[in-house]
>>> print(open('work05.txt').read())   # compact mmCIF, C-alpha atoms
# COMPACT_ATOMS: atom_id res chain seq x y z
CA MET A 1 39.49 87.45 -126.69
CA GLY A 2 40.61 84.32 -124.89
CA ARG A 3 41.21 84.32 -121.17
CA LYS A 4 44.79 84.93 -120.02
CA LEU A 5 46.07 83.50 -116.74
CA LEU A 6 49.84 83.44 -117.25
CA LEU A 7 50.30 86.27 -119.75
CA GLU A 8 47.65 88.65 -118.37
CA HIS A 9 50.25 91.27 -117.39
CA ILE A 10 52.91 90.39 -119.96
CA ASN A 11 52.83 93.85 -121.56
CA GLU A 12 52.86 95.78 -118.27
CA PRO A 13 55.98 98.03 -118.18
CA GLY A 14 58.43 96.76 -115.56
CA ILE A 15 56.60 93.47 -114.93
CA GLN A 16 60.02 91.79 -114.75
CA THR A 17 60.61 93.53 -111.43
CA PHE A 18 59.33 92.39 -108.05
CA GLU A 19 57.78 95.82 -107.37
CA VAL A 20 55.53 95.88 -110.45
CA TYR A 21 54.75 92.16 -110.30
CA ARG A 22 53.69 92.53 -106.66
CA LYS A 23 51.49 95.56 -107.46
CA LYS A 24 49.67 93.41 -110.03
CA GLY A 25 48.83 90.82 -107.39
CA GLY A 26 52.00 88.80 -107.62
CA TYR A 27 52.95 86.36 -104.83
CA SER A 28 49.35 86.18 -103.59
CA SER A 29 49.35 82.41 -104.12
CA VAL A 30 52.32 82.15 -101.75
CA GLU A 31 50.53 84.20 -99.10
CA LYS A 32 47.34 82.16 -99.50
CA ALA A 33 49.12 78.80 -99.42
CA LEU A 34 51.52 79.46 -96.54
CA LYS A 35 49.07 81.35 -94.32
CA THR A 36 45.76 79.56 -94.92
CA MET A 37 46.48 76.12 -96.39
CA LYS A 38 48.27 72.95 -95.40
CA PRO A 39 50.70 71.47 -97.93
CA ASP A 40 48.30 68.64 -98.78
CA ASP A 41 45.55 71.21 -99.41
CA VAL A 42 47.71 72.81 -102.11
CA THR A 43 48.25 69.42 -103.75
CA GLU A 44 44.51 68.75 -103.58
CA GLU A 45 43.73 72.02 -105.38
CA VAL A 46 46.18 71.11 -108.14
CA LYS A 47 44.47 67.73 -108.44
CA LYS A 48 41.05 69.36 -108.66
CA SER A 49 42.28 71.71 -111.37
CA GLY A 50 43.01 68.82 -113.73
CA LEU A 51 46.33 70.48 -114.65
CA ARG A 52 48.36 68.24 -116.92
CA GLY A 53 52.11 68.56 -117.39
CA ARG A 54 52.82 71.22 -119.99
CA GLY A 55 56.22 69.87 -121.01
CA GLY A 56 54.83 67.36 -123.48
CA ALA A 57 53.71 64.19 -121.73
CA GLY A 58 50.47 65.67 -120.36
CA PHE A 59 50.55 63.59 -117.16
CA PRO A 60 48.27 64.97 -114.38
CA ALA A 61 50.48 67.23 -112.24
CA GLY A 62 48.62 66.75 -108.95
CA MET A 63 48.80 62.98 -109.29
CA LYS A 64 52.54 63.21 -109.97
CA TRP A 65 52.96 65.22 -106.78
CA SER A 66 51.01 62.64 -104.79
CA PHE A 67 53.52 59.93 -105.76
CA ILE A 68 56.32 61.57 -103.77
CA ASP A 69 57.56 59.38 -100.94
CA LYS A 70 56.43 61.22 -97.81
CA LYS A 71 57.46 58.36 -95.52
CA SER A 72 61.09 58.86 -96.46
CA GLU A 73 63.20 60.79 -93.96
CA LYS A 74 65.40 62.06 -96.79
CA PRO A 75 65.10 65.65 -98.06
CA ARG A 76 62.57 66.25 -100.82
CA TYR A 77 63.27 68.33 -103.89
CA LEU A 78 61.34 70.21 -106.54
CA VAL A 79 63.25 70.60 -109.79
CA CYS A 80 61.99 72.84 -112.57
CA ASN A 81 62.74 71.54 -116.03
CA ALA A 82 63.66 74.67 -117.98
CA ASP A 83 65.77 72.79 -120.52
CA GLU A 84 63.45 73.70 -123.38
CA SER A 85 65.22 72.91 -126.65
CA GLU A 86 62.93 71.13 -129.07
CA PRO A 87 62.76 72.78 -132.51
CA GLY A 88 59.66 74.96 -132.68
CA THR A 89 59.15 75.19 -128.91
CA PHE A 90 60.06 78.45 -127.21
CA LYS A 91 57.15 79.32 -124.89
CA ASP A 92 58.99 78.62 -121.60
CA ARG A 93 61.84 80.90 -122.67
CA TYR A 94 59.29 83.63 -123.39
CA LEU A 95 57.62 83.22 -120.00
CA MET A 96 60.89 83.27 -118.06
CA GLU A 97 62.24 86.23 -119.99
CA LYS A 98 59.13 88.39 -119.83
CA ILE A 99 57.62 87.56 -116.44
CA PRO A 100 60.17 85.63 -114.35
CA HIS A 101 58.47 86.18 -111.01
CA ILE A 102 55.50 83.99 -111.95
CA LEU A 103 57.89 81.03 -112.14
CA ILE A 104 59.56 81.98 -108.83
CA GLU A 105 56.12 82.30 -107.22
CA GLY A 106 55.05 78.92 -108.61
CA MET A 107 58.28 77.33 -107.36
CA ILE A 108 57.67 78.59 -103.81
CA THR A 109 54.01 77.49 -103.69
CA SER A 110 54.77 74.11 -105.26
CA SER A 111 57.80 73.51 -103.02
CA TYR A 112 55.64 74.21 -99.98
CA ALA A 113 53.10 71.61 -101.15
CA LEU A 114 55.83 69.00 -101.60
CA GLY A 115 57.71 69.80 -98.38
CA ALA A 116 60.86 70.75 -100.28
CA LYS A 117 63.33 72.98 -98.45
CA THR A 118 65.69 73.31 -101.41
CA SER A 119 64.59 73.61 -105.04
CA TYR A 120 66.30 74.05 -108.38
CA ILE A 121 65.57 75.56 -111.75
CA TYR A 122 67.61 73.56 -114.30
CA ILE A 123 67.98 75.66 -117.42
CA ARG A 124 69.77 74.99 -120.70
CA GLY A 125 73.17 76.60 -121.18
CA GLU A 126 72.10 78.54 -124.27
CA TYR A 127 69.72 80.55 -122.06
CA MET A 128 72.43 82.26 -120.01
CA TYR A 129 70.80 85.67 -120.39
CA ILE A 130 67.65 84.21 -118.82
CA VAL A 131 69.75 82.75 -116.00
CA ARG A 132 70.68 86.31 -115.09
CA ILE A 133 67.02 87.42 -115.28
CA LEU A 134 65.95 84.56 -112.99
CA GLU A 135 68.79 85.15 -110.53
CA LYS A 136 67.82 88.80 -110.25
CA ALA A 137 64.18 87.82 -109.61
CA ILE A 138 65.28 85.30 -106.98
CA GLU A 139 67.43 87.95 -105.31
CA GLU A 140 64.41 90.27 -105.16
CA ALA A 141 62.24 87.49 -103.71
CA TYR A 142 64.84 86.87 -100.97
CA ALA A 143 65.04 90.61 -100.22
CA ASN A 144 61.27 90.82 -99.80
CA GLY A 145 60.88 87.79 -97.54
CA PHE A 146 59.45 85.31 -100.05
CA LEU A 147 62.55 83.08 -100.02
CA GLY A 148 64.94 82.12 -97.25
CA LYS A 149 64.18 81.36 -93.62
CA ASN A 150 60.69 81.67 -92.16
CA ILE A 151 58.96 82.97 -95.29
CA LEU A 152 56.34 85.63 -94.41
CA GLY A 153 56.87 84.85 -90.72
CA THR A 154 55.78 81.22 -91.06
CA ASP A 155 57.84 78.18 -90.13
CA TYR A 156 58.41 77.33 -93.80
CA SER A 157 61.85 78.01 -95.29
CA LEU A 158 63.05 77.54 -98.86
CA ASP A 159 66.25 78.10 -100.80
CA LEU A 160 66.03 78.33 -104.59
CA TYR A 161 68.89 77.99 -107.08
CA VAL A 162 69.26 78.31 -110.85
CA HIS A 163 71.51 75.66 -112.40
CA PRO A 164 72.56 76.05 -116.07
CA GLY A 165 73.26 72.87 -118.01
CA ALA A 166 75.73 72.46 -120.85
CA GLY A 167 73.05 72.55 -123.54
CA ALA A 168 71.90 69.04 -124.43
CA TYR A 169 68.41 68.12 -125.65
CA ILE A 170 68.51 64.87 -123.71
CA CYS A 171 68.66 66.83 -120.45
CA GLY A 172 65.02 67.75 -121.01
CA GLU A 173 64.30 64.14 -120.05
CA GLU A 174 63.77 64.21 -116.29
CA THR A 175 66.23 61.52 -115.24
CA ALA A 176 68.96 62.78 -117.58
CA LEU A 177 68.32 66.23 -116.11
CA LEU A 178 68.82 64.87 -112.60
CA GLU A 179 72.08 63.17 -113.62
CA SER A 180 73.32 66.47 -115.04
CA LEU A 181 72.21 68.37 -111.94
CA GLU A 182 74.25 65.94 -109.85
CA GLY A 183 77.30 66.83 -111.93
CA LYS A 184 77.35 63.71 -114.12
CA ARG A 185 76.91 63.12 -117.85
CA GLY A 186 73.26 63.66 -118.75
CA ASN A 187 72.30 60.09 -119.61
CA PRO A 188 68.75 58.88 -118.83
CA ARG A 189 68.23 56.46 -115.95
CA LEU A 190 66.32 53.21 -116.14
CA LYS A 191 62.91 53.46 -114.42
CA PRO A 192 61.78 52.32 -111.89
CA PRO A 193 62.67 53.70 -109.43
CA PHE A 194 60.92 56.89 -110.48
CA PRO A 195 62.16 60.28 -109.24
CA ALA A 196 59.26 60.53 -106.76
CA ILE A 197 60.97 57.68 -104.87
CA ALA A 198 64.64 58.13 -105.79
CA GLY A 199 65.34 61.31 -107.72
CA LEU A 200 67.93 64.01 -107.04
CA TYR A 201 70.72 62.59 -104.83
CA ALA A 202 68.50 59.47 -104.50
CA CYS A 203 65.93 61.55 -102.61
CA PRO A 204 62.18 61.95 -103.35
CA THR A 205 61.94 64.48 -106.17
CA VAL A 206 59.30 66.01 -108.42
CA VAL A 207 60.38 67.35 -111.82
CA ASN A 208 57.93 69.73 -113.48
CA ASN A 209 58.13 71.91 -116.56
CA VAL A 210 58.26 75.75 -116.35
CA GLU A 211 54.71 76.32 -117.60
CA THR A 212 53.33 73.61 -115.30
CA ILE A 213 54.84 75.25 -112.22
CA ALA A 214 53.72 78.73 -113.31
CA ALA A 215 50.15 77.43 -113.74
CA VAL A 216 50.05 76.58 -110.02
CA VAL A 217 49.86 80.32 -109.31
CA PRO A 218 46.40 80.94 -110.87
CA ILE A 219 45.19 77.54 -109.66
CA ILE A 220 45.80 78.45 -106.00
CA ASN A 221 44.50 82.00 -106.49
CA MET A 222 41.23 80.99 -108.18
CA GLY A 223 40.82 77.48 -106.75
CA GLY A 224 41.17 74.17 -108.52
CA ASP A 225 37.46 73.81 -109.26
CA GLU A 226 37.28 77.17 -111.06
CA TYR A 227 40.42 76.40 -113.06
CA SER A 228 38.95 73.06 -114.15
CA LYS A 229 35.97 74.87 -115.70
CA ILE A 230 38.29 76.35 -118.34
CA GLY A 231 38.90 74.03 -121.26
CA VAL A 232 37.22 70.87 -122.49
CA GLY A 233 37.00 67.49 -120.74
CA LYS A 234 40.34 66.37 -119.36
CA SER A 235 42.12 69.25 -121.11
CA THR A 236 41.63 71.97 -118.53
CA GLY A 237 42.98 75.49 -118.18
CA THR A 238 45.03 77.54 -120.57
CA LYS A 239 48.07 76.53 -122.61
CA LEU A 240 50.99 78.46 -124.02
CA ILE A 241 51.55 77.78 -127.71
CA SER A 242 54.71 78.84 -129.55
CA ALA A 243 53.61 79.30 -133.15
CA SER A 244 56.12 79.47 -136.00
CA GLY A 245 56.57 78.67 -139.67
CA HIS A 246 54.61 80.06 -142.60
CA ILE A 247 52.07 82.14 -140.70
CA ASN A 248 51.46 85.85 -140.63
CA LYS A 249 51.88 86.29 -136.86
CA PRO A 250 54.44 83.94 -135.30
CA GLY A 251 54.78 84.25 -131.55
CA VAL A 252 53.73 82.86 -128.18
CA TYR A 253 49.99 82.73 -127.48
CA GLU A 254 48.02 81.72 -124.42
CA ILE A 255 44.89 79.86 -125.49
CA GLU A 256 42.02 78.30 -123.59
CA LEU A 257 42.25 74.57 -124.28
CA GLY A 258 39.37 73.59 -126.57
CA LEU A 259 39.96 76.37 -129.09
CA PRO A 260 39.35 75.05 -132.65
CA VAL A 261 42.62 74.55 -134.53
CA GLU A 262 41.19 76.41 -137.51
CA GLU A 263 40.49 79.46 -135.34
CA PHE A 264 44.00 79.35 -133.90
CA ILE A 265 45.62 79.30 -137.34
CA PHE A 266 43.39 81.69 -139.24
CA SER A 267 42.00 84.24 -136.77
CA GLU A 268 43.63 87.65 -136.34
CA GLU A 269 43.77 87.11 -132.57
CA TYR A 270 46.30 84.32 -133.04
CA CYS A 271 48.35 83.24 -136.10
CA GLY A 272 46.55 85.47 -138.65
CA GLY A 273 46.45 82.88 -141.42
CA ILE A 274 49.05 81.57 -143.88
CA TRP A 275 51.58 84.10 -145.17
CA LYS A 276 51.49 85.41 -148.75
CA ASP A 277 47.94 84.04 -149.06
CA ARG A 278 49.30 80.58 -149.79
CA ARG A 279 47.56 77.35 -148.90
CA MET A 280 48.46 75.40 -145.79
CA LYS A 281 50.20 72.11 -146.49
CA ALA A 282 51.01 70.57 -143.11
CA VAL A 283 51.30 71.24 -139.38
CA VAL A 284 53.52 69.89 -136.64
CA ALA A 285 51.25 70.58 -133.67
CA GLY A 286 53.32 69.85 -130.58
CA GLY A 287 57.00 70.38 -131.29
CA SER A 288 59.21 68.48 -133.73
CA SER A 289 58.82 65.18 -131.86
CA VAL A 290 55.14 64.60 -132.71
CA PRO A 291 53.57 63.19 -135.90
CA ILE A 292 53.15 65.70 -138.73
CA LEU A 293 49.64 66.04 -140.19
CA PRO A 294 48.47 67.26 -143.60
CA ALA A 295 46.19 70.31 -143.72
CA ASN A 296 42.92 68.40 -143.96
CA LEU A 297 43.65 66.25 -140.91
CA ILE A 298 44.86 69.08 -138.68
CA LEU A 299 41.61 71.00 -139.23
CA THR A 300 39.20 68.08 -138.92
CA THR A 301 39.43 64.59 -137.49
CA ALA A 302 39.00 61.51 -139.66
CA LYS A 303 35.37 61.49 -138.49
CA GLY A 304 34.90 64.97 -139.96
CA GLU A 305 34.67 66.74 -136.60
CA PRO A 306 36.46 70.05 -136.03
CA ARG A 307 39.91 69.43 -134.52
CA LEU A 308 40.36 71.20 -131.19
CA MET A 309 43.46 72.36 -129.35
CA THR A 310 43.17 69.67 -126.66
CA TYR A 311 45.18 66.60 -125.75
CA GLU A 312 42.30 64.34 -126.76
CA SER A 313 41.14 65.96 -130.00
CA LEU A 314 44.64 66.28 -131.47
CA ALA A 315 45.27 62.61 -130.65
CA ASP A 316 41.94 61.48 -132.12
CA GLY A 317 42.53 58.72 -134.65
CA GLY A 318 45.80 57.61 -133.08
CA PHE A 319 48.93 58.04 -135.14
CA ALA A 320 47.07 56.95 -138.29
CA THR A 321 45.21 60.26 -138.55
CA GLY A 322 46.03 62.13 -135.33
CA THR A 323 48.99 63.67 -133.55
CA MET A 324 49.80 65.14 -130.10
CA LEU A 325 49.56 68.49 -128.32
CA GLY A 326 53.04 67.80 -126.93
CA SER A 327 54.92 70.85 -125.76
CA GLY A 328 52.79 73.23 -127.81
CA GLY A 329 55.39 73.95 -130.47
CA PHE A 330 53.08 74.67 -133.41
CA ILE A 331 54.92 74.67 -136.77
CA VAL A 332 52.93 75.52 -139.91
CA LEU A 333 54.19 74.67 -143.41
CA ASP A 334 52.72 76.23 -146.56
CA GLU A 335 52.20 74.64 -149.97
CA THR A 336 55.75 75.45 -151.13
CA ALA A 337 57.48 73.65 -148.24
CA SER A 338 59.38 70.43 -148.87
CA ILE A 339 58.43 67.71 -146.41
CA VAL A 340 61.65 65.78 -147.18
CA GLU A 341 63.81 68.83 -146.53
CA ASN A 342 62.06 69.68 -143.24
CA LEU A 343 62.21 66.08 -142.09
CA TYR A 344 65.94 65.97 -142.89
CA THR A 345 66.39 69.03 -140.65
CA PHE A 346 64.59 67.26 -137.79
CA ALA A 347 66.59 64.06 -138.36
CA ARG A 348 69.90 65.95 -138.18
CA PHE A 349 68.82 67.44 -134.86
CA TYR A 350 67.86 64.13 -133.25
CA HIS A 351 70.99 62.36 -134.50
CA HIS A 352 73.14 65.15 -133.08
CA GLU A 353 71.31 65.17 -129.75
CA SER A 354 71.13 61.40 -129.16
CA CYS A 355 73.15 60.62 -126.04
CA GLY A 356 74.27 57.33 -127.61
CA GLN A 357 73.34 55.17 -124.64
CA CYS A 358 70.90 52.93 -126.59
CA SER A 359 71.93 51.22 -129.84
CA PRO A 360 68.57 51.70 -131.63
CA CYS A 361 68.69 55.45 -131.03
CA ARG A 362 72.45 55.91 -131.48
CA GLU A 363 72.59 53.97 -134.76
CA GLY A 364 69.03 54.49 -135.98
CA THR A 365 68.98 58.29 -135.85
CA GLY A 366 72.19 58.28 -137.86
CA TRP A 367 70.70 55.96 -140.48
CA MET A 368 67.59 58.11 -140.81
CA GLU A 369 69.71 61.21 -141.30
CA LYS A 370 71.84 59.52 -143.97
CA ILE A 371 68.82 58.21 -145.91
CA LEU A 372 67.05 61.55 -145.77
CA HIS A 373 70.25 63.29 -146.86
CA ARG A 374 70.38 60.99 -149.90
CA LEU A 375 66.74 61.64 -150.77
CA GLN A 376 67.07 65.37 -150.19
CA ASN A 377 70.11 65.61 -152.47
CA GLY A 378 68.90 63.44 -155.33
CA HIS A 379 70.90 60.34 -154.47
CA GLY A 380 68.16 58.29 -152.84
CA LYS A 381 66.39 55.25 -154.25
CA LYS A 382 62.75 54.22 -154.00
CA GLU A 383 63.63 51.32 -151.70
CA ASP A 384 65.19 53.84 -149.28
CA ILE A 385 61.66 54.92 -148.30
CA ASP A 386 60.74 51.52 -146.88
CA ILE A 387 64.15 51.25 -145.21
CA LEU A 388 63.49 54.63 -143.58
CA VAL A 389 60.15 53.45 -142.20
CA ASP A 390 61.70 50.18 -141.04
CA VAL A 391 64.48 51.97 -139.15
CA ALA A 392 61.89 54.24 -137.47
CA LYS A 393 59.90 51.17 -136.35
CA LYS A 394 63.02 49.57 -134.90
CA ILE A 395 63.75 52.70 -132.82
CA GLU A 396 60.21 53.30 -131.56
CA GLY A 397 59.61 51.80 -128.12
CA ASN A 398 63.07 50.25 -127.91
CA THR A 399 65.04 52.93 -126.06
CA ILE A 400 65.54 53.89 -122.42
CA CYS A 401 64.06 57.35 -122.85
CA PRO A 402 61.54 59.00 -125.23
CA LEU A 403 64.20 60.58 -127.49
CA GLY A 404 64.04 57.52 -129.74
CA ASP A 405 60.28 57.88 -130.15
CA ALA A 406 60.69 61.62 -130.71
CA ALA A 407 63.06 60.90 -133.59
CA ALA A 408 60.94 58.11 -135.10
CA TRP A 409 57.41 59.53 -135.00
CA PRO A 410 57.95 62.48 -137.38
CA VAL A 411 59.61 60.15 -139.92
CA ALA A 412 56.89 57.51 -139.83
CA SER A 413 54.08 60.06 -140.08
CA ALA A 414 55.73 62.06 -142.86
CA VAL A 415 56.08 58.98 -145.06
CA ARG A 416 52.54 57.88 -144.15
CA HIS A 417 50.94 61.16 -145.22
CA PHE A 418 53.38 62.43 -147.87
CA ARG A 419 54.83 59.27 -149.45
CA LYS A 420 54.40 60.72 -152.93
CA GLU A 421 56.96 63.44 -152.12
CA PHE A 422 59.50 60.86 -151.03
CA GLU A 423 58.90 58.86 -154.23
CA GLU A 424 59.39 62.00 -156.31
CA ALA A 425 62.66 62.66 -154.48
CA ALA A 426 63.78 59.11 -155.30
CA LEU A 427 62.84 59.59 -158.95
CA VAL A 428 65.55 62.24 -159.23
CA HIS A 429 68.15 59.52 -158.65
CA ALA A 430 66.42 57.16 -161.09
CA HIS A 431 66.44 59.91 -163.72
CA LYS A 432 70.17 60.55 -163.15
CA GLU A 433 70.93 56.85 -163.65
CA LEU A 434 68.82 56.76 -166.82
CA VAL A 435 70.63 59.78 -168.27
CA ALA A 436 74.00 58.32 -167.37
>>> encode(input="work05.txt", output="structure tokens")
Amino acid sequence: MGRKLLLEHINEPGIQTFEVYRKKGGYSSVEKALKTMKPDDVTEEVKKSGLRGRGGAGFPAGMKWSFIDKKSEKPRYLVCNADESEPGTFKDRYLMEKIPHILIEGMITSSYALGAKTSYIYIRGEYMYIVRILEKAIEEAYANGFLGKNILGTDYSLDLYVHPGAGAYICGEETALLESLEGKRGNPRLKPPFPAIAGLYACPTVVNNVETIAAVVPIINMGGDEYSKIGVGKSTGTKLISASGHINKPGVYEIELGLPVEEFIFSEEYCGGIWKDRRMKAVVAGGSSVPILPANLILTTAKGEPRLMTYESLADGGFATGTMLGSGGFIVLDETASIVENLYTFARFYHHESCGQCSPCREGTGWMEKILHRLQNGHGKKEDIDILVDVAKKIEGNTICPLGDAAAWPVASAVRHFRKEFEEAALVHAHKELVA
């Protein structure tokens, strides 16, 4: 049984309430931080832990905190990115719904470290029922002296607000999120300046994902050094994985980083194997924005080594034979799945969600959707496959924000590993022309 740090009490009746959460040791990281540690000490523990951002990029969280402009006399802000919306990724929603106080606790401890007096949880509009859960938890935290003025009798004060967005994938990008939070259209900003220098209302700001902020709670409780002993190499701690697709036990799992991918997919503790005793065909390991891998390459690297659930092992081989841990949205496809059909679904999503600010993304995602629609419906030609790859290359690396890359990488990898399926789809059109 793997170690649980975030979901340890997930099945405890009433854990959504302050009373039960507190009885299970909740808010101890706030007490420890505010009463025995200086703000910089908290940041140092997060650095020691090796915690990497759990939203997808995997950037070291403590280092990101250290970039905040402390010389500025402007207010500082912590903003929680709860705009989870990538297909296949639903672990933050699960955490906020089932155990909201761990996020509130993490927000208080992290805000103290950063010197923020006002913090925000920016959440996607489709999660309105979770907004109400979070607001109730915040209300309880205020009532029990963990938010507001002079928290626990110290000189630290914090106000925390939940801000629902209108429901746009692009607002998961931190600068687009800040634009939306300021009441503007959620278009990404050019960087630099980075949010740590000029973020919300042009003030020093740190934007962290839900799981990242929640992970600060066990880090402060157990110490950064102890946390860093969990995992492998630079992939430390535990990670929430939202598993879906053709598996026997879809759901949200907390794993210790370093778990073999094969064990995650086939053991009863986690996914329970492929449904209906079929063979596994492919896996999207980190949400729909990462390269898709065929079954042989998701289980072992090109060198023949067991593939592990770590940032490094999943990326081994680069995009030629590897992929990314990303947000932890683990989608499994069995032998009956159509790669072209699934890719078309992804392409429709990214075309719909492109903010339209950059020409390569605005036009390119539309072209990819049209070509995949043709191939999916028997109207495509063989030359469409190379056009598809060419469009993906022209998007990748040529947009203001990572949405363009997110749209291009699945396409390029799918053609790379499953080109035969695309050629078979094109043959349908050739056959129709021959018959005509």
>>> residues_around(input="work05.txt", residues="Tyr253 of chain A", least_positions_apart="3", cutoff="9 Å", atoms="only C-alpha atoms", output="PDB file with C-alpha atoms, in the coordinates of the input")
ATOM      1  CA  LEU A   7      50.300  86.270-119.750  1.00  0.00           C
ATOM      2  CA  LYS A  91      57.150  79.320-124.890  1.00  0.00           C
ATOM      3  CA  LYS A 239      48.070  76.530-122.610  1.00  0.00           C
ATOM      4  CA  LEU A 240      50.990  78.460-124.020  1.00  0.00           C
ATOM      5  CA  ILE A 241      51.550  77.780-127.710  1.00  0.00           C
ATOM      6  CA  SER A 242      54.710  78.840-129.550  1.00  0.00           C
ATOM      7  CA  ALA A 243      53.610  79.300-133.150  1.00  0.00           C
ATOM      8  CA  TYR A 270      46.300  84.320-133.040  1.00  0.00           C
ATOM      9  CA  CYS A 271      48.350  83.240-136.100  1.00  0.00           C
TER      10      CYS A 271
END
>>> atom_distance(input="work05.txt", atom1="atom CA of Ala412 of chain A", atom2="atom CA of Glu262 of chain A")
24.7 Å
>>> closest_residue(input="work05.txt", among="A:Ile219, A:Ile170, A:Leu160, A:Leu134", to="Thr43 of chain A", atoms="only C-alpha atoms")
A:Ile219
>>> closest_residue(input="work05.txt", among="A:Thr300, A:Gly317, A:Lys191, A:Val284", to="Thr399 of chain A", atoms="only C-alpha atoms")
A:Lys191
>>> closest_residue(input="work05.txt", among="A:Ile230, A:Cys355, A:Met1, A:Ala198", to="Gly172 of chain A", atoms="all atoms listed in the file")
A:Cys355
>>> closest_residue(input="work05.txt", among="A:Pro13, A:Gly397, A:Pro75, A:Gly2", to="Cys203 of chain A", atoms="all atoms listed in the file")
A:Pro75
>>> atom_distance(input="work05.txt", atom1="atom CA of Val207 of chain A", atom2="atom CA of Asp40 of chain A")
17.8 Å
>>> closest_residue(input="work05.txt", among="A:Pro260, A:Pro87, A:Gly404, A:Gly326", to="Glu305 of chain A", atoms="all atoms listed in the file")
A:Pro260
>>> residues_around(input="work05.txt", residues="segment 382-395 of chain A", least_positions_apart="2", cutoff="6 Å", atoms="all atoms listed in the file", output="PyMOL selection string")
chain A and resi 360-361+398+404+408+412+426
>>> residues_near_point(input="work05.txt", point="(67.9, 73.5, -119.4)", cutoff="7 Å", atoms="only C-alpha atoms", output="VMD selection string")
chain A and resid 81 to 84 122 to 125 164 to 165 167 171 to 172
>>> atom_distance(input="work05.txt", atom1="atom CA of His379 of chain A", atom2="atom CA of Cys358 of chain A")
28.8 Å
>>> closest_residue(input="work05.txt", among="A:Leu293, A:Ile247, A:Ile102, A:Ala141", to="Thr321 of chain A", atoms="all atoms listed in the file")
A:Leu293
>>> residues_around(input="work05.txt", residues="segment 76-79 of chain A", least_positions_apart="5", cutoff="10 Å", atoms="all atoms listed in the file", output="VMD selection string")
chain A and resid 65 68 to 70 107 to 108 110 to 122 160 to 162 174 177 to 178 181 195 to 210 213
>>> write_last_selection(input="work05.txt", atoms="C-alpha atoms", output="PDB file, in the frame of the given file")
ATOM      1  CA  TRP A  65      52.960  65.220-106.780  1.00  0.00           C
ATOM      2  CA  ILE A  68      56.320  61.570-103.770  1.00  0.00           C
ATOM      3  CA  ASP A  69      57.560  59.380-100.940  1.00  0.00           C
ATOM      4  CA  LYS A  70      56.430  61.220 -97.810  1.00  0.00           C
ATOM      5  CA  MET A 107      58.280  77.330-107.360  1.00  0.00           C
ATOM      6  CA  ILE A 108      57.670  78.590-103.810  1.00  0.00           C
ATOM      7  CA  SER A 110      54.770  74.110-105.260  1.00  0.00           C
ATOM      8  CA  SER A 111      57.800  73.510-103.020  1.00  0.00           C
ATOM      9  CA  TYR A 112      55.640  74.210 -99.980  1.00  0.00           C
ATOM     10  CA  ALA A 113      53.100  71.610-101.150  1.00  0.00           C
ATOM     11  CA  LEU A 114      55.830  69.000-101.600  1.00  0.00           C
ATOM     12  CA  GLY A 115      57.710  69.800 -98.380  1.00  0.00           C
ATOM     13  CA  ALA A 116      60.860  70.750-100.280  1.00  0.00           C
ATOM     14  CA  LYS A 117      63.330  72.980 -98.450  1.00  0.00           C
ATOM     15  CA  THR A 118      65.690  73.310-101.410  1.00  0.00           C
ATOM     16  CA  SER A 119      64.590  73.610-105.040  1.00  0.00           C
ATOM     17  CA  TYR A 120      66.300  74.050-108.380  1.00  0.00           C
ATOM     18  CA  ILE A 121      65.570  75.560-111.750  1.00  0.00           C
ATOM     19  CA  TYR A 122      67.610  73.560-114.300  1.00  0.00           C
ATOM     20  CA  LEU A 160      66.030  78.330-104.590  1.00  0.00           C
ATOM     21  CA  TYR A 161      68.890  77.990-107.080  1.00  0.00           C
ATOM     22  CA  VAL A 162      69.260  78.310-110.850  1.00  0.00           C
ATOM     23  CA  GLU A 174      63.770  64.210-116.290  1.00  0.00           C
ATOM     24  CA  LEU A 177      68.320  66.230-116.110  1.00  0.00           C
ATOM     25  CA  LEU A 178      68.820  64.870-112.600  1.00  0.00           C
ATOM     26  CA  LEU A 181      72.210  68.370-111.940  1.00  0.00           C
ATOM     27  CA  PRO A 195      62.160  60.280-109.240  1.00  0.00           C
ATOM     28  CA  ALA A 196      59.260  60.530-106.760  1.00  0.00           C
ATOM     29  CA  ILE A 197      60.970  57.680-104.870  1.00  0.00           C
ATOM     30  CA  ALA A 198      64.640  58.130-105.790  1.00  0.00           C
ATOM     31  CA  GLY A 199      65.340  61.310-107.720  1.00  0.00           C
ATOM     32  CA  LEU A 200      67.930  64.010-107.040  1.00  0.00           C
ATOM     33  CA  TYR A 201      70.720  62.590-104.830  1.00  0.00           C
ATOM     34  CA  ALA A 202      68.500  59.470-104.500  1.00  0.00           C
ATOM     35  CA  CYS A 203      65.930  61.550-102.610  1.00  0.00           C
ATOM     36  CA  PRO A 204      62.180  61.950-103.350  1.00  0.00           C
ATOM     37  CA  THR A 205      61.940  64.480-106.170  1.00  0.00           C
ATOM     38  CA  VAL A 206      59.300  66.010-108.420  1.00  0.00           C
ATOM     39  CA  VAL A 207      60.380  67.350-111.820  1.00  0.00           C
ATOM     40  CA  ASN A 208      57.930  69.730-113.480  1.00  0.00           C
ATOM     41  CA  ASN A 209      58.130  71.910-116.560  1.00  0.00           C
ATOM     42  CA  VAL A 210      58.260  75.750-116.350  1.00  0.00           C
ATOM     43  CA  ILE A 213      54.840  75.250-112.220  1.00  0.00           C
TER      44      ILE A 213
END
>>> axis_aligned_box(input="work05.txt", around="segment 45-63 of chain A", padding_each_side="3 Å", output="JSON")
{"center_x": 48.6, "center_y": 67.5, "center_z": -114.4, "size_x": 21.2, "size_y": 15.0, "size_z": 24.1}
>>> residues_around(input="work05.txt", residues="Gly366 of chain A", least_positions_apart="2", cutoff="12 Å", atoms="only C-alpha atoms", output="PyMOL selection string")
chain A and resi 344+346-354+356+359-364+368-373+388+391-392+395+404+407-408
